Amino acid sequence: QVQVEESGGGLVQPGGSLRLSCAASGTIFSIDYMGWYRQAPGKERELVAYISSGGTTNYADSVKGRFTISRENAKNTVFLQMNSLKPEDTAIYYCNVVSKLPRWLEYWGQGTQVTVSS
């Protein structure tokens, strides 16, 4: 069984910053990708950013230059530093963990609310 737990959401004013954390625990052969998705009310879930075990990153165009993803492989932990937050960043943020061995498996956290409002 694998558990994925996010933390760090909250309410912040426009232009502010938040740091999300996500830790995966349990029986995992290896973690290849860790990432963040978000879902705003009435919208589909979308990719925010992901990072491979080797450190390769990918970001949605809407967050490039403002968000930074990082991970600590030894602790199966991923972080999302969010700066210059905008009201349109308001969403539930979900952590996603992908393991390719012994087969492709994905695990999701319960989500953490991020609200950007004055």
# chains A, B, ... in the order shown; residues from 1 in each chain; ligands from 1
$ residues_around --residues "region 11-24 of chain A" --least-positions-apart "3" --cutoff "9 Å" --atoms "only C-alpha atoms" --output "PyMOL selection string"
chain A and resi 2-8+28+75-87+93-97+107+109+112-118
$ select_by_dssp --residues "chain A" --states "helix (DSSP H, G or I)" --output "list in words"
Asp61, Ser62, Val63, Asn73, Ala74, Lys75, Pro87, Glu88 and Asp89 of chain A
$ write_last_selection --atoms "all heavy atoms" --output "PDB file, in the first residue's frame"
ATOM      1  N   ASP A  61       2.769  26.145 -19.131  1.00  0.00           N
ATOM      2  CA  ASP A  61       3.148  27.493 -19.559  1.00  0.00           C
ATOM      3  C   ASP A  61       2.655  28.551 -18.575  1.00  0.00           C
ATOM      4  O   ASP A  61       3.317  29.569 -18.359  1.00  0.00           O
ATOM      5  CB  ASP A  61       2.579  27.780 -20.945  1.00  0.00           C
ATOM      6  CG  ASP A  61       3.296  27.003 -22.034  1.00  0.00           C
ATOM      7  OD1 ASP A  61       4.424  26.521 -21.781  1.00  0.00           O
ATOM      8  OD2 ASP A  61       2.724  26.863 -23.130  1.00  0.00           O
ATOM      9  N   SER A  62       1.515  28.312 -17.977  1.00  0.00           N
ATOM     10  CA  SER A  62       0.902  29.309 -17.097  1.00  0.00           C
ATOM     11  C   SER A  62       1.685  29.532 -15.797  1.00  0.00           C
ATOM     12  O   SER A  62       1.458  30.538 -15.117  1.00  0.00           O
ATOM     13  CB  SER A  62      -0.533  28.899 -16.756  1.00  0.00           C
ATOM     14  OG  SER A  62      -0.547  27.636 -16.116  1.00  0.00           O
ATOM     15  N   VAL A  63       2.590  28.616 -15.463  1.00  0.00           N
ATOM     16  CA  VAL A  63       3.326  28.763 -14.194  1.00  0.00           C
ATOM     17  C   VAL A  63       4.825  28.924 -14.397  1.00  0.00           C
ATOM     18  O   VAL A  63       5.552  29.131 -13.428  1.00  0.00           O
ATOM     19  CB  VAL A  63       3.056  27.568 -13.252  1.00  0.00           C
ATOM     20  CG1 VAL A  63       1.556  27.372 -13.053  1.00  0.00           C
ATOM     21  CG2 VAL A  63       3.718  26.296 -13.745  1.00  0.00           C
ATOM     22  N   ASN A  73      14.919  12.647  -3.377  1.00  0.00           N
ATOM     23  CA  ASN A  73      14.692  11.246  -3.729  1.00  0.00           C
ATOM     24  C   ASN A  73      14.777  10.318  -2.519  1.00  0.00           C
ATOM     25  O   ASN A  73      13.981   9.383  -2.384  1.00  0.00           O
ATOM     26  CB  ASN A  73      15.695  10.804  -4.792  1.00  0.00           C
ATOM     27  CG  ASN A  73      15.425  11.440  -6.137  1.00  0.00           C
ATOM     28  OD1 ASN A  73      14.304  11.842  -6.445  1.00  0.00           O
ATOM     29  ND2 ASN A  73      16.459  11.543  -6.954  1.00  0.00           N
ATOM     30  N   ALA A  74      15.724  10.587  -1.650  1.00  0.00           N
ATOM     31  CA  ALA A  74      15.929   9.702  -0.503  1.00  0.00           C
ATOM     32  C   ALA A  74      14.722   9.685   0.435  1.00  0.00           C
ATOM     33  O   ALA A  74      14.502   8.712   1.155  1.00  0.00           O
ATOM     34  CB  ALA A  74      17.177  10.122   0.262  1.00  0.00           C
ATOM     35  N   LYS A  75      13.942  10.774   0.391  1.00  0.00           N
ATOM     36  CA  LYS A  75      12.776  10.874   1.278  1.00  0.00           C
ATOM     37  C   LYS A  75      11.465  10.736   0.527  1.00  0.00           C
ATOM     38  O   LYS A  75      10.391  10.918   1.108  1.00  0.00           O
ATOM     39  CB  LYS A  75      12.798  12.213   2.028  1.00  0.00           C
ATOM     40  CG  LYS A  75      13.994  12.374   2.953  1.00  0.00           C
ATOM     41  CD  LYS A  75      13.922  13.691   3.712  1.00  0.00           C
ATOM     42  CE  LYS A  75      15.085  13.830   4.659  1.00  0.00           C
ATOM     43  NZ  LYS A  75      15.040  15.107   5.422  1.00  0.00           N
ATOM     44  N   PRO A  87      -4.834  35.116  -8.706  1.00  0.00           N
ATOM     45  CA  PRO A  87      -6.147  34.522  -8.384  1.00  0.00           C
ATOM     46  C   PRO A  87      -6.462  33.288  -9.231  1.00  0.00           C
ATOM     47  O   PRO A  87      -7.098  32.349  -8.734  1.00  0.00           O
ATOM     48  CB  PRO A  87      -7.114  35.663  -8.678  1.00  0.00           C
ATOM     49  CG  PRO A  87      -6.309  36.903  -8.413  1.00  0.00           C
ATOM     50  CD  PRO A  87      -4.935  36.566  -8.905  1.00  0.00           C
ATOM     51  N   GLU A  88      -5.989  33.266 -10.465  1.00  0.00           N
ATOM     52  CA  GLU A  88      -6.258  32.115 -11.331  1.00  0.00           C
ATOM     53  C   GLU A  88      -5.478  30.869 -10.932  1.00  0.00           C
ATOM     54  O   GLU A  88      -5.694  29.799 -11.508  1.00  0.00           O
ATOM     55  CB  GLU A  88      -5.987  32.462 -12.804  1.00  0.00           C
ATOM     56  CG  GLU A  88      -4.649  33.090 -13.066  1.00  0.00           C
ATOM     57  CD  GLU A  88      -4.724  34.619 -13.146  1.00  0.00           C
ATOM     58  OE1 GLU A  88      -5.415  35.231 -12.279  1.00  0.00           O
ATOM     59  OE2 GLU A  88      -4.078  35.182 -14.051  1.00  0.00           O
ATOM     60  N   ASP A  89      -4.589  30.992  -9.982  1.00  0.00           N
ATOM     61  CA  ASP A  89      -3.900  29.823  -9.444  1.00  0.00           C
ATOM     62  C   ASP A  89      -4.736  29.111  -8.381  1.00  0.00           C
ATOM     63  O   ASP A  89      -4.365  28.032  -7.916  1.00  0.00           O
ATOM     64  CB  ASP A  89      -2.557  30.218  -8.813  1.00  0.00           C
ATOM     65  CG  ASP A  89      -1.571  30.745  -9.837  1.00  0.00           C
ATOM     66  OD1 ASP A  89      -1.469  30.144 -10.932  1.00  0.00           O
ATOM     67  OD2 ASP A  89      -0.886  31.741  -9.539  1.00  0.00           O
TER      68      ASP A  89
END
$ atom_distance --atom1 "CA of Gly55 (chain A)" --atom2 "CA of Arg71 (chain A)"
8.0 Å
$ atom_distance --atom1 "CA of Ser99 (chain A)" --atom2 "CA of Ile31 (chain A)"
4.7 Å
$ select_by_dssp --residues "region 3-111 of chain A" --states "strand (DSSP E)" --output "MDAnalysis selection string"
chainID A and resid 3:7 10:12 18:26 33:39 46:52 57:59 67:72 77:82 91:99 105:108
$ closest_residue --among "A:Ala60, A:Val98, A:Gln110, A:Phe67" --to "Met34 (chain A)" --atoms "only C-alpha atoms"
A:Val98
$ closest_residue --among "A:Gly9, A:Gly65, A:Gly26, A:Gly111" --to "Ala49 (chain A)" --atoms "only C-alpha atoms"
A:Gly65
$ closest_residue --among "A:Asp32, A:Glu46, A:Glu106, A:Glu72" --to "Tyr59 (chain A)" --atoms "only C-alpha atoms"
A:Glu46
$ atom_distance --atom1 "CA of Gln1 (chain A)" --atom2 "CA of Gly35 (chain A)"
19.3 Å
